[in-house]
>>> print(open('structure-v2.cif').read())   # mmCIF, C-alpha atoms
data_structure
#
loop_
_atom_site.label_atom_id
_atom_site.label_comp_id
_atom_site.auth_asym_id
_atom_site.auth_seq_id
_atom_site.Cartn_x
_atom_site.Cartn_y
_atom_site.Cartn_z
CA MET A 1 5.54 -1.31 54.02
CA PHE A 2 8.19 1.00 52.57
CA LEU A 3 9.17 2.12 56.07
CA ILE A 4 9.77 -1.48 57.16
CA ILE A 5 11.84 -2.21 54.05
CA GLY A 6 13.82 0.98 54.56
CA ALA A 7 14.50 0.13 58.19
CA LEU A 8 15.79 -3.30 57.14
CA VAL A 9 18.07 -1.72 54.54
CA VAL A 10 19.45 0.70 57.14
CA ILE A 11 20.12 -2.19 59.52
CA GLY A 12 21.89 -3.99 56.67
CA VAL A 13 24.01 -0.89 56.01
CA ILE A 14 25.04 -0.65 59.66
CA TYR A 15 25.92 -4.36 59.65
CA LEU A 16 28.08 -4.04 56.53
CA LEU A 17 29.82 -0.96 57.89
CA LEU A 18 30.43 -2.82 61.14
CA LYS A 19 32.11 -5.54 59.08
CA ARG A 20 34.41 -2.82 57.67
CA HIS A 21 33.17 -3.00 54.08
CA GLU A 22 33.97 0.04 51.90
CA SER A 23 31.64 2.73 53.25
CA ARG A 24 31.18 4.53 49.93
CA MET A 25 30.18 1.34 48.15
CA VAL A 26 27.74 0.35 50.90
CA LEU A 27 26.06 3.77 51.06
CA ILE A 28 25.73 4.15 47.28
CA ALA A 29 24.42 0.59 46.83
CA ALA A 30 21.89 1.05 49.64
CA GLY A 31 20.72 4.39 48.22
CA ILE A 32 20.23 2.98 44.72
CA LEU A 33 18.45 -0.10 46.13
CA MET A 34 15.99 2.00 48.16
CA CYS A 35 15.27 4.30 45.21
CA CYS A 36 14.61 1.27 43.00
CA ILE A 37 12.25 -0.23 45.60
CA ALA A 38 10.41 3.11 45.75
CA GLY A 39 10.05 3.04 41.96
CA ASN A 40 12.28 6.06 41.36
CA PRO A 41 15.78 4.77 40.52
CA MET A 42 16.84 8.04 38.86
CA ALA A 43 16.53 9.89 42.19
CA SER A 44 19.70 8.18 43.41
CA LEU A 45 21.64 9.11 40.27
CA ASP A 46 20.34 12.67 40.42
CA ALA A 47 21.64 12.90 43.99
CA PHE A 48 24.99 11.49 42.86
CA ALA A 49 25.33 14.09 40.10
CA LYS A 50 24.23 16.94 42.38
CA SER A 51 26.73 16.01 45.10
CA MET A 52 29.57 15.80 42.60
CA THR A 53 29.37 19.49 41.79
CA ASN A 54 28.82 20.97 45.24
CA ALA A 55 30.98 24.05 44.73
CA GLY A 56 31.12 25.27 48.34
CA LEU A 57 32.26 21.93 49.71
CA ILE A 58 34.70 21.15 46.92
CA THR A 59 36.52 24.49 47.04
CA SER A 60 36.94 24.46 50.84
CA VAL A 61 37.82 20.81 51.40
CA CYS A 62 39.98 20.23 48.35
CA SER A 63 42.01 23.42 48.67
CA CYS A 64 42.62 22.74 52.37
CA MET A 65 43.90 19.22 51.71
CA GLY A 66 46.00 20.52 48.83
CA PHE A 67 47.69 22.91 51.23
CA ALA A 68 48.18 20.11 53.79
CA TRP A 69 50.01 18.05 51.17
CA CYS A 70 52.20 21.07 50.38
CA MET A 71 53.15 21.26 54.05
CA LYS A 72 54.11 17.60 53.95
CA TYR A 73 56.21 18.10 50.80
CA THR A 74 58.03 21.15 52.16
CA GLY A 75 58.52 19.54 55.57
CA CYS A 76 56.96 22.53 57.31
CA ASP A 77 54.59 20.27 59.23
CA LYS A 78 57.54 18.42 60.77
CA HIS A 79 59.17 21.68 61.86
CA LEU A 80 55.94 22.66 63.64
CA VAL A 81 55.58 19.28 65.35
CA VAL A 82 59.23 19.05 66.44
CA ALA A 83 59.15 22.62 67.77
CA ILE A 84 56.10 21.82 69.90
CA GLY A 85 57.71 18.51 70.95
CA LYS A 86 60.76 20.28 72.35
CA VAL A 87 58.51 22.51 74.43
CA LEU A 88 56.60 19.47 75.71
CA LYS A 89 59.76 17.84 77.03
CA LYS A 90 60.09 20.65 79.56
CA MET A 91 56.51 20.56 80.85
CA GLY A 92 56.88 17.92 83.59
CA PHE A 93 53.54 17.27 85.32
CA LEU A 94 51.73 19.19 82.58
CA LEU A 95 53.04 16.83 79.89
CA ILE A 96 49.74 14.96 79.36
CA PRO A 97 47.45 18.01 79.03
CA GLY A 98 50.23 19.76 77.12
CA ALA A 99 50.36 16.94 74.57
CA THR A 100 46.59 17.07 74.14
CA LEU A 101 46.54 20.84 73.63
CA ALA A 102 49.60 20.70 71.34
CA THR A 103 47.94 18.03 69.20
CA PHE A 104 44.85 20.24 69.11
CA VAL A 105 46.92 23.11 67.66
CA VAL A 106 48.61 20.88 65.09
CA ASN A 107 45.24 19.40 64.11
CA ILE A 108 44.04 22.88 63.20
CA ALA A 109 46.77 22.98 60.55
CA ILE A 110 46.55 19.28 59.61
CA PRO A 111 42.78 18.64 59.62
CA SER A 112 42.97 14.89 59.07
CA ALA A 113 42.80 13.11 62.44
CA ALA A 114 44.78 10.19 61.01
CA GLY A 115 47.37 12.46 59.39
CA CYS A 116 47.73 14.56 62.52
CA SER A 117 48.07 11.49 64.76
CA ALA A 118 50.75 10.07 62.48
CA ALA A 119 52.66 13.36 62.44
CA VAL A 120 52.61 14.09 66.16
CA GLY A 121 52.37 10.55 67.53
CA VAL A 122 55.86 9.53 66.48
CA ILE A 123 57.26 12.46 68.48
CA PHE A 124 54.82 13.21 71.31
CA ILE A 125 54.16 9.62 72.42
CA PRO A 126 57.84 8.64 72.87
CA ILE A 127 58.41 11.89 74.81
CA MET A 128 55.63 10.99 77.23
CA MET A 129 56.80 7.38 77.51
CA SER A 130 60.32 8.51 78.30
CA ALA A 131 58.82 10.59 81.13
CA GLY A 132 57.28 7.40 82.58
CA ILE A 133 53.74 7.82 81.19
CA HIS A 134 52.02 4.58 80.19
CA PRO A 135 51.85 4.08 76.38
CA ALA A 136 48.06 3.81 76.38
CA MET A 137 47.72 7.08 78.27
CA ALA A 138 50.25 8.75 75.96
CA ALA A 139 48.25 7.61 72.93
CA ALA A 140 45.01 8.79 74.56
CA ALA A 141 46.52 12.23 75.13
CA VAL A 142 47.27 12.54 71.41
CA LYS A 143 43.90 11.11 70.38
CA SER A 144 42.05 13.55 72.63
CA GLY A 145 43.67 16.46 70.82
CA THR A 146 42.41 15.47 67.38
CA TYR A 147 39.52 17.88 67.78
CA GLY A 148 41.43 20.91 66.56
CA SER A 149 40.22 20.28 63.01
CA MET A 150 36.91 21.79 64.16
CA LEU A 151 38.63 25.16 63.79
CA ASN A 152 39.94 24.41 60.30
CA PRO A 153 37.85 25.97 57.50
CA GLY A 154 38.60 22.98 55.29
CA LEU A 155 36.92 20.49 57.63
CA VAL A 156 34.07 18.85 55.76
CA HIS A 157 31.56 19.32 58.61
CA ASN A 158 32.13 23.06 58.81
CA ALA A 159 31.54 23.26 55.06
CA VAL A 160 28.39 21.12 55.22
CA ILE A 161 26.87 23.24 57.99
CA ALA A 162 27.81 26.47 56.22
CA LYS A 163 26.06 25.24 53.07
CA LEU A 164 22.93 24.19 54.96
CA ALA A 165 22.76 27.46 56.89
CA GLY A 166 23.66 29.66 53.91
CA VAL A 167 26.55 31.35 55.72
CA GLN A 168 30.34 31.51 55.37
CA VAL A 169 32.50 28.71 56.75
CA THR A 170 34.31 31.20 58.97
CA ASP A 171 30.96 32.21 60.49
CA VAL A 172 30.32 28.59 61.47
CA ILE A 173 33.76 28.34 63.08
CA ALA A 174 33.32 31.62 64.96
CA ASN A 175 30.02 30.31 66.34
CA HIS A 176 31.45 27.15 67.90
CA MET A 177 35.05 28.25 68.55
CA LEU A 178 34.61 28.94 72.27
CA ALA A 179 32.81 25.65 72.90
CA THR A 180 35.47 23.76 70.95
CA VAL A 181 38.35 25.30 72.91
CA VAL A 182 36.60 24.77 76.26
CA GLY A 183 35.87 21.18 75.23
CA VAL A 184 39.51 20.29 74.59
CA ILE A 185 40.60 21.97 77.83
CA ILE A 186 38.09 19.85 79.76
CA ALA A 187 39.26 16.72 77.92
CA ALA A 188 42.90 17.45 78.75
CA ALA A 189 42.07 18.06 82.42
CA VAL A 190 39.93 14.92 82.78
CA LEU A 191 42.59 12.80 81.07
CA THR A 192 45.23 14.12 83.47
CA VAL A 193 43.10 13.25 86.49
CA LEU A 194 42.40 9.82 85.02
CA ALA A 195 46.12 9.21 84.54
CA VAL A 196 46.77 10.02 88.21
CA VAL A 197 43.89 7.81 89.41
CA LEU A 198 45.03 4.89 87.26
CA LYS A 199 48.68 5.59 88.18
CA GLU A 200 49.60 5.78 84.51
CA ASN A 201 51.26 9.18 84.80
CA ARG A 202 54.61 7.83 85.96
CA GLY A 203 56.65 4.68 86.48
CA PHE A 204 56.64 3.28 82.94
CA VAL A 205 60.08 2.24 81.68
CA PRO A 206 60.35 2.36 77.85
CA GLU A 207 62.54 -0.02 75.86
CA GLY A 208 65.11 2.10 74.07
CA GLU A 209 65.43 5.75 73.18
CA ALA A 210 62.92 7.69 71.13
CA GLY A 211 61.35 11.09 70.87
CA VAL A 212 62.45 14.43 69.48
CA ASP A 213 65.56 14.40 67.32
CA GLU A 214 67.70 16.91 69.19
CA ASN A 215 69.84 17.37 66.06
CA PHE A 216 66.86 18.43 63.97
CA GLY A 217 67.26 22.12 63.15
CA ILE A 218 63.97 23.93 63.56
CA ASN A 219 63.36 26.84 61.24
CA PRO A 220 60.83 29.16 62.95
CA LEU A 221 59.50 30.40 59.60
CA PHE A 222 58.98 26.83 58.41
CA ALA A 223 57.16 25.99 61.65
CA ILE A 224 54.75 28.91 61.22
CA MET A 225 53.79 28.09 57.63
CA PRO A 226 51.16 25.39 58.42
CA LEU A 227 49.21 27.92 60.50
CA VAL A 228 49.34 30.80 57.99
CA PRO A 229 46.00 30.16 56.16
CA VAL A 230 44.13 29.68 59.44
CA ILE A 231 45.61 32.90 60.83
CA ILE A 232 44.67 34.77 57.64
CA LEU A 233 41.08 33.51 57.76
CA LEU A 234 40.64 34.21 61.47
CA LEU A 235 42.04 37.75 61.21
CA GLY A 236 39.88 38.44 58.18
CA SER A 237 36.64 36.92 59.48
CA THR A 238 36.93 38.71 62.85
CA LYS A 239 37.64 41.98 60.98
CA LEU A 240 40.80 42.57 62.99
CA VAL A 241 42.53 42.94 59.61
CA PRO A 242 39.72 43.66 57.11
CA VAL A 243 42.02 43.38 54.09
CA LEU A 244 42.51 39.69 54.92
CA LYS A 245 38.82 38.84 54.61
CA MET A 246 38.77 36.19 51.86
CA GLY A 247 37.57 32.73 50.95
CA VAL A 248 39.15 29.46 52.09
CA PRO A 249 40.75 28.60 48.70
CA HIS A 250 42.34 32.06 48.52
CA ALA A 251 43.97 31.64 51.93
CA MET A 252 45.20 28.14 51.12
CA VAL A 253 46.80 29.23 47.85
CA ILE A 254 48.43 32.22 49.56
CA GLY A 255 49.74 29.88 52.26
CA ALA A 256 51.16 27.52 49.64
CA ILE A 257 52.86 30.39 47.79
CA LEU A 258 54.36 31.76 51.01
CA SER A 259 55.64 28.32 51.97
CA LEU A 260 57.27 28.05 48.53
CA ALA A 261 58.96 31.43 49.01
CA VAL A 262 60.16 30.53 52.52
CA THR A 263 61.34 26.97 51.87
CA ARG A 264 62.53 27.55 48.28
CA LYS A 265 61.43 24.07 47.27
CA ASN A 266 60.84 22.96 43.69
CA PRO A 267 57.73 24.90 42.50
CA VAL A 268 56.83 22.10 40.07
CA GLU A 269 56.78 19.47 42.83
CA LEU A 270 54.92 21.77 45.21
CA THR A 271 52.25 22.39 42.56
CA LYS A 272 51.95 18.64 41.99
CA SER A 273 51.60 18.10 45.74
CA PHE A 274 48.83 20.71 45.96
CA PHE A 275 46.78 19.08 43.22
CA ASP A 276 47.52 15.56 44.45
CA GLY A 277 46.13 16.65 47.81
CA MET A 278 43.05 18.09 46.15
CA GLY A 279 42.51 14.82 44.28
CA ASP A 280 42.90 12.78 47.44
CA ALA A 281 40.39 15.03 49.21
CA TYR A 282 37.85 14.57 46.42
CA ALA A 283 38.26 10.80 46.45
CA ASN A 284 38.23 10.21 50.19
CA ILE A 285 36.26 13.13 51.65
CA ILE A 286 33.98 14.45 48.92
CA GLY A 287 33.50 10.80 47.93
CA ILE A 288 31.90 10.16 51.32
CA ILE A 289 29.59 13.16 50.86
CA ILE A 290 28.55 11.95 47.41
CA SER A 291 27.84 8.47 48.79
CA VAL A 292 25.84 9.88 51.69
CA GLY A 293 23.84 12.02 49.25
CA VAL A 294 22.79 8.90 47.36
CA PHE A 295 21.95 7.13 50.63
CA VAL A 296 19.82 10.04 51.87
CA ALA A 297 18.04 10.14 48.50
CA GLY A 298 17.08 6.51 49.10
CA LEU A 299 15.82 7.30 52.60
CA ASN A 300 13.74 10.15 51.18
CA ALA A 301 12.34 7.97 48.41
CA LEU A 302 11.04 5.44 50.93
CA GLY A 303 9.67 8.14 53.23
CA LEU A 304 12.00 7.34 56.13
CA ILE A 305 13.23 10.93 56.50
CA LYS A 306 9.69 12.29 56.64
CA ALA A 307 8.73 9.69 59.24
CA LEU A 308 11.82 10.53 61.32
CA ILE A 309 11.09 14.25 61.16
CA ASN A 310 7.46 13.75 62.19
CA TRP A 311 8.57 11.60 65.12
CA MET A 312 11.06 14.23 66.25
CA LEU A 313 8.46 17.01 65.91
CA ASN A 314 6.24 15.08 68.32
CA SER A 315 9.17 14.32 70.66
CA THR A 316 11.16 17.57 70.60
CA GLY A 317 12.84 16.78 73.91
CA ILE A 318 14.82 14.01 72.27
CA VAL A 319 16.16 16.08 69.37
CA LYS A 320 19.23 17.47 71.13
CA ILE A 321 20.06 14.06 72.59
CA ALA A 322 19.68 12.43 69.18
CA ALA A 323 21.81 15.12 67.53
CA THR A 324 24.69 14.36 69.89
CA PHE A 325 24.47 10.62 70.41
CA GLY A 326 22.98 9.61 67.04
CA PRO A 327 26.12 10.31 64.98
CA PHE A 328 28.28 9.14 67.92
CA VAL A 329 26.66 5.69 67.99
CA LEU A 330 26.76 5.41 64.18
CA ALA A 331 30.45 6.36 64.15
CA LEU A 332 31.17 3.89 66.96
CA ILE A 333 29.49 1.10 65.00
CA SER A 334 30.74 1.93 61.52
CA GLY A 335 34.17 3.37 62.28
CA SER A 336 33.49 6.41 60.09
CA GLY A 337 32.74 9.63 61.91
CA ASP A 338 32.55 11.56 58.64
CA ALA A 339 29.96 9.27 57.07
CA ALA A 340 27.77 9.22 60.19
CA THR A 341 27.87 12.97 60.78
CA VAL A 342 27.39 14.00 57.16
CA ALA A 343 24.48 11.57 56.83
CA PHE A 344 22.81 13.01 59.94
CA ASN A 345 23.37 16.59 58.80
CA GLU A 346 22.08 15.95 55.30
CA ALA A 347 18.97 14.18 56.59
CA VAL A 348 18.01 16.01 59.78
CA THR A 349 19.78 19.37 60.12
CA PRO A 350 17.88 21.10 57.27
CA HIS A 351 14.74 20.67 59.38
CA ALA A 352 16.29 22.11 62.57
CA ALA A 353 14.06 25.21 62.47
CA GLN A 354 10.96 22.99 62.79
CA PHE A 355 12.27 21.59 66.07
#
>>> encode(input="structure-v2.cif", output="structure tokens")
Amino acid sequence: MFLIIGALVVIGVIYLLLKRHESRMVLIAAGILMCCIAGNPMASLDAFAKSMTNAGLITSVCSCMGFAWCMKYTGCDKHLVVAIGKVLKKMGFLLIPGATLATFVVNIAIPSAAGCSAAVGVIFIPIMMSAGIHPAMAAAAVKSGTYGSMLNPGLVHNAVIAKLAGVQVTDVIANHMLATVVGVIIAAAVLTVLAVVLKENRGFVPEGEAGVDENFGINPLFAIMPLVPVIILLLGSTKLVPVLKMGVPHAMVIGAILSLAVTRKNPVELTKSFFDGMGDAYANIIGIIISVGVFVAGLNALGLIKALINWMLNSTGIVKIAATFGPFVLALISGSGDAATVAFNEAVTPHAAQF
């Protein structure tokens, strides 16, 4: 009986997410409801409290977003984007894959897909349109590059997996780095072929001038700043420079301090930006994790997780397919990739060894 009720609640959650209701509210409400039905309402609140103080996730995610806000305040992110944009203008036939790969690089420094798209889209898309590329294809080229965050230690999914596996975030990144890079190269190549087949790679005439501001003076040091923490962490984790082996928050703070020294901005405002970014990360990213924790507690209370695990144990061939397409379908329906992936990882990934 509990399994049927739980399944109905999950269907209701998917429906509400499809209707674009606040995902955190829906997940928390569903988790509390399921725990109450199971006769253990405190389980949901225990999960809420536990998720609030998840040290590993909070330090990585919040410090990373704090640094990202510092880059926005100092303008270093714009220097990086404009510098790449000027290179793109000279790429000719390679403009589409170049835009995808360039977005990928920027997304490593600016881990938010929305933030990265906003930063590079206003420059990269007009450049491609002025070269005759159809607007939809130009937008697709940028969108396809928003996978670079997979190599950012502040990405919530890297932190979640590191916590579940009991390893460092940099170890997780090192494990999937090759696959991630190969993936974006394949995406860029396929998108280029698609543009040629659909004849969207040339012939479009834009209305008016747009693109890189040729009068914008690029400071090379400013342009490098957004990549400094990632470079520090990669050099340290790969032991190429052992002295640089450190945690994510350490690298982010060092990056912020270096950007302050280079740009000579107001230290008070930069400090405010760092903590504002941390607060935004807690509200919008950690908030999703907290909500998912409550939701998973509800699923556990009704026995849905145990039933799912037992089914997968008896159908091991479907596990890999479910791991890939399960979160994909949920994200497609709900519009939240973070919520879908974190929910799957919290519920299923801890049992991976059994599969």
>>> closest_atom_pairs(input="structure-v2.cif", of="segment 86-139 of chain A", to="segment 156-180 of chain A", cutoff="12 Å", atoms="all atoms listed in the file", output="Markdown table")
| residue | atom | partner | partner_atom | distance |
| --- | --- | --- | --- | --- |
| A:Leu101 | CA | A:Thr180 | CA | 11.8 |
| A:Phe104 | CA | A:Thr180 | CA | 10.2 |
| A:Val105 | CA | A:Thr180 | CA | 11.9 |
| A:Ile108 | CA | A:Thr180 | CA | 11.6 |
| A:Pro111 | CA | A:Val156 | CA | 9.5 |
| A:Ser112 | CA | A:Val156 | CA | 10.3 |
>>> write_last_selection(input="structure-v2.cif", atoms="C-alpha atoms", output="CSV table (one decimal), in the coordinates of the input")
chain,number,residue,atom,x,y,z
A,101,LEU,CA,46.5,20.8,73.6
A,104,PHE,CA,44.8,20.2,69.1
A,105,VAL,CA,46.9,23.1,67.7
A,108,ILE,CA,44.0,22.9,63.2
A,111,PRO,CA,42.8,18.6,59.6
A,112,SER,CA,43.0,14.9,59.1
>>> atom_distance(input="structure-v2.cif", atom1="atom CA of Ala118 of chain A", atom2="atom CA of Lys265 of chain A")
23.3 Å
>>> residues_around(input="structure-v2.cif", residues="segment 142-144 of chain A", least_positions_apart="2", cutoff="12 Å", atoms="all atoms listed in the file", output="JSON, numbers by chain")
{"A": [95, 96, 97, 98, 99, 100, 101, 102, 103, 104, 105, 106, 107, 112, 113, 114, 115, 116, 117, 118, 119, 120, 121, 122, 123, 124, 125, 126, 127, 128, 135, 136, 137, 138, 139, 140, 146, 147, 148, 149, 183, 184, 185, 186, 187, 188, 189, 190, 191, 192]}
>>> residues_around(input="structure-v2.cif", residues="segment 78-89 of chain A", least_positions_apart="2", cutoff="6 Å", atoms="only C-alpha atoms", output="number ranges by chain")
A: 75-76, 91, 218, 223
>>> residues_around(input="structure-v2.cif", residues="segment 225-235 of chain A", least_positions_apart="2", cutoff="6 Å", atoms="all atoms listed in the file", output="PyMOL selection string")
chain A and resi 109+222-223+237-238+240-241+251-252+255+259
>>> residues_around(input="structure-v2.cif", residues="Phe344 of chain A", least_positions_apart="2", cutoff="12 Å", atoms="only C-alpha atoms", output="PyMOL selection string")
chain A and resi 157+160-161+289+292-293+295-296+299+305+308-309+319+322-331+337-342+346-352
>>> axis_aligned_box(input="structure-v2.cif", around="segment 148-154 of chain A", padding_each_side="4 Å", output="AutoDock Vina command-line options")
--center_x 39.2 --center_y 23.1 --center_z 60.9 --size_x 12.5 --size_y 13.7 --size_z 19.3
>>> residues_around(input="structure-v2.cif", residues="Val61 of chain A", least_positions_apart="2", cutoff="12 Å", atoms="all atoms listed in the file", output="NGL selection string")
:A and (54-59 or 63-68 or 111-112 or 149 or 152-160 or 169 or 247-249 or 252 or 277-287 or 289)
>>> decode(input="structure-v2.cif", residues="segment 290-300 of chain A", atoms="all heavy atoms", output="tab-separated table (two decimals), in the first residue's frame")
chain	number	residue	atom	x	y	z
A	290	ILE	N	19.29	20.28	0.04
A	290	ILE	CA	18.51	20.12	1.26
A	290	ILE	C	17.12	19.59	0.93
A	290	ILE	O	16.62	18.66	1.57
A	290	ILE	CB	18.41	21.47	2.01
A	290	ILE	CG1	19.79	21.91	2.52
A	290	ILE	CG2	17.41	21.37	3.18
A	290	ILE	CD1	19.81	23.31	3.10
A	291	SER	N	16.50	20.18	-0.08
A	291	SER	CA	15.15	19.77	-0.48
A	291	SER	C	15.12	18.32	-0.95
A	291	SER	O	14.22	17.56	-0.60
A	291	SER	CB	14.63	20.69	-1.59
A	291	SER	OG	14.72	22.05	-1.22
A	292	VAL	N	16.13	17.96	-1.74
A	292	VAL	CA	16.22	16.58	-2.23
A	292	VAL	C	16.43	15.61	-1.07
A	292	VAL	O	15.88	14.51	-1.06
A	292	VAL	CB	17.37	16.45	-3.26
A	292	VAL	CG1	17.67	14.99	-3.53
A	292	VAL	CG2	16.99	17.16	-4.55
A	293	GLY	N	17.22	16.03	-0.06
A	293	GLY	CA	17.43	15.18	1.11
A	293	GLY	C	16.13	14.86	1.82
A	293	GLY	O	15.90	13.72	2.25
A	294	VAL	N	15.27	15.86	1.95
A	294	VAL	CA	13.96	15.64	2.58
A	294	VAL	C	13.11	14.71	1.72
A	294	VAL	O	12.43	13.81	2.23
A	294	VAL	CB	13.24	17.00	2.78
A	294	VAL	CG1	11.83	16.77	3.34
A	294	VAL	CG2	14.04	17.89	3.72
A	295	PHE	N	13.15	14.93	0.40
A	295	PHE	CA	12.38	14.10	-0.52
A	295	PHE	C	12.83	12.64	-0.46
A	295	PHE	O	12.00	11.72	-0.40
A	295	PHE	CB	12.53	14.65	-1.94
A	295	PHE	CG	11.77	13.89	-2.99
A	295	PHE	CD1	10.39	13.87	-2.98
A	295	PHE	CD2	12.44	13.20	-3.99
A	295	PHE	CE1	9.67	13.17	-3.95
A	295	PHE	CE2	11.75	12.50	-4.97
A	295	PHE	CZ	10.35	12.49	-4.95
A	296	VAL	N	14.13	12.42	-0.46
A	296	VAL	CA	14.67	11.05	-0.40
A	296	VAL	C	14.32	10.40	0.93
A	296	VAL	O	14.05	9.20	0.99
A	296	VAL	CB	16.20	11.07	-0.62
A	296	VAL	CG1	16.80	9.69	-0.34
A	296	VAL	CG2	16.52	11.50	-2.04
A	297	ALA	N	14.30	11.20	2.01
A	297	ALA	CA	13.90	10.66	3.31
A	297	ALA	C	12.47	10.14	3.25
A	297	ALA	O	12.14	9.09	3.83
A	297	ALA	CB	14.03	11.74	4.38
A	298	GLY	N	11.61	10.86	2.52
A	298	GLY	CA	10.23	10.41	2.34
A	298	GLY	C	10.16	9.12	1.55
A	298	GLY	O	9.39	8.21	1.88
A	299	LEU	N	10.96	9.04	0.49
A	299	LEU	CA	11.00	7.81	-0.32
A	299	LEU	C	11.47	6.62	0.51
A	299	LEU	O	10.94	5.51	0.39
A	299	LEU	CB	11.93	8.01	-1.51
A	299	LEU	CG	11.53	9.06	-2.56
A	299	LEU	CD1	12.62	9.18	-3.62
A	299	LEU	CD2	10.20	8.70	-3.22
A	300	ASN	N	12.46	6.87	1.36
A	300	ASN	CA	12.96	5.80	2.24
A	300	ASN	C	11.91	5.37	3.24
A	300	ASN	O	11.75	4.17	3.53
A	300	ASN	CB	14.21	6.28	2.98
A	300	ASN	CG	15.48	6.03	2.19
A	300	ASN	OD1	15.65	4.96	1.60
A	300	ASN	ND2	16.37	7.01	2.15
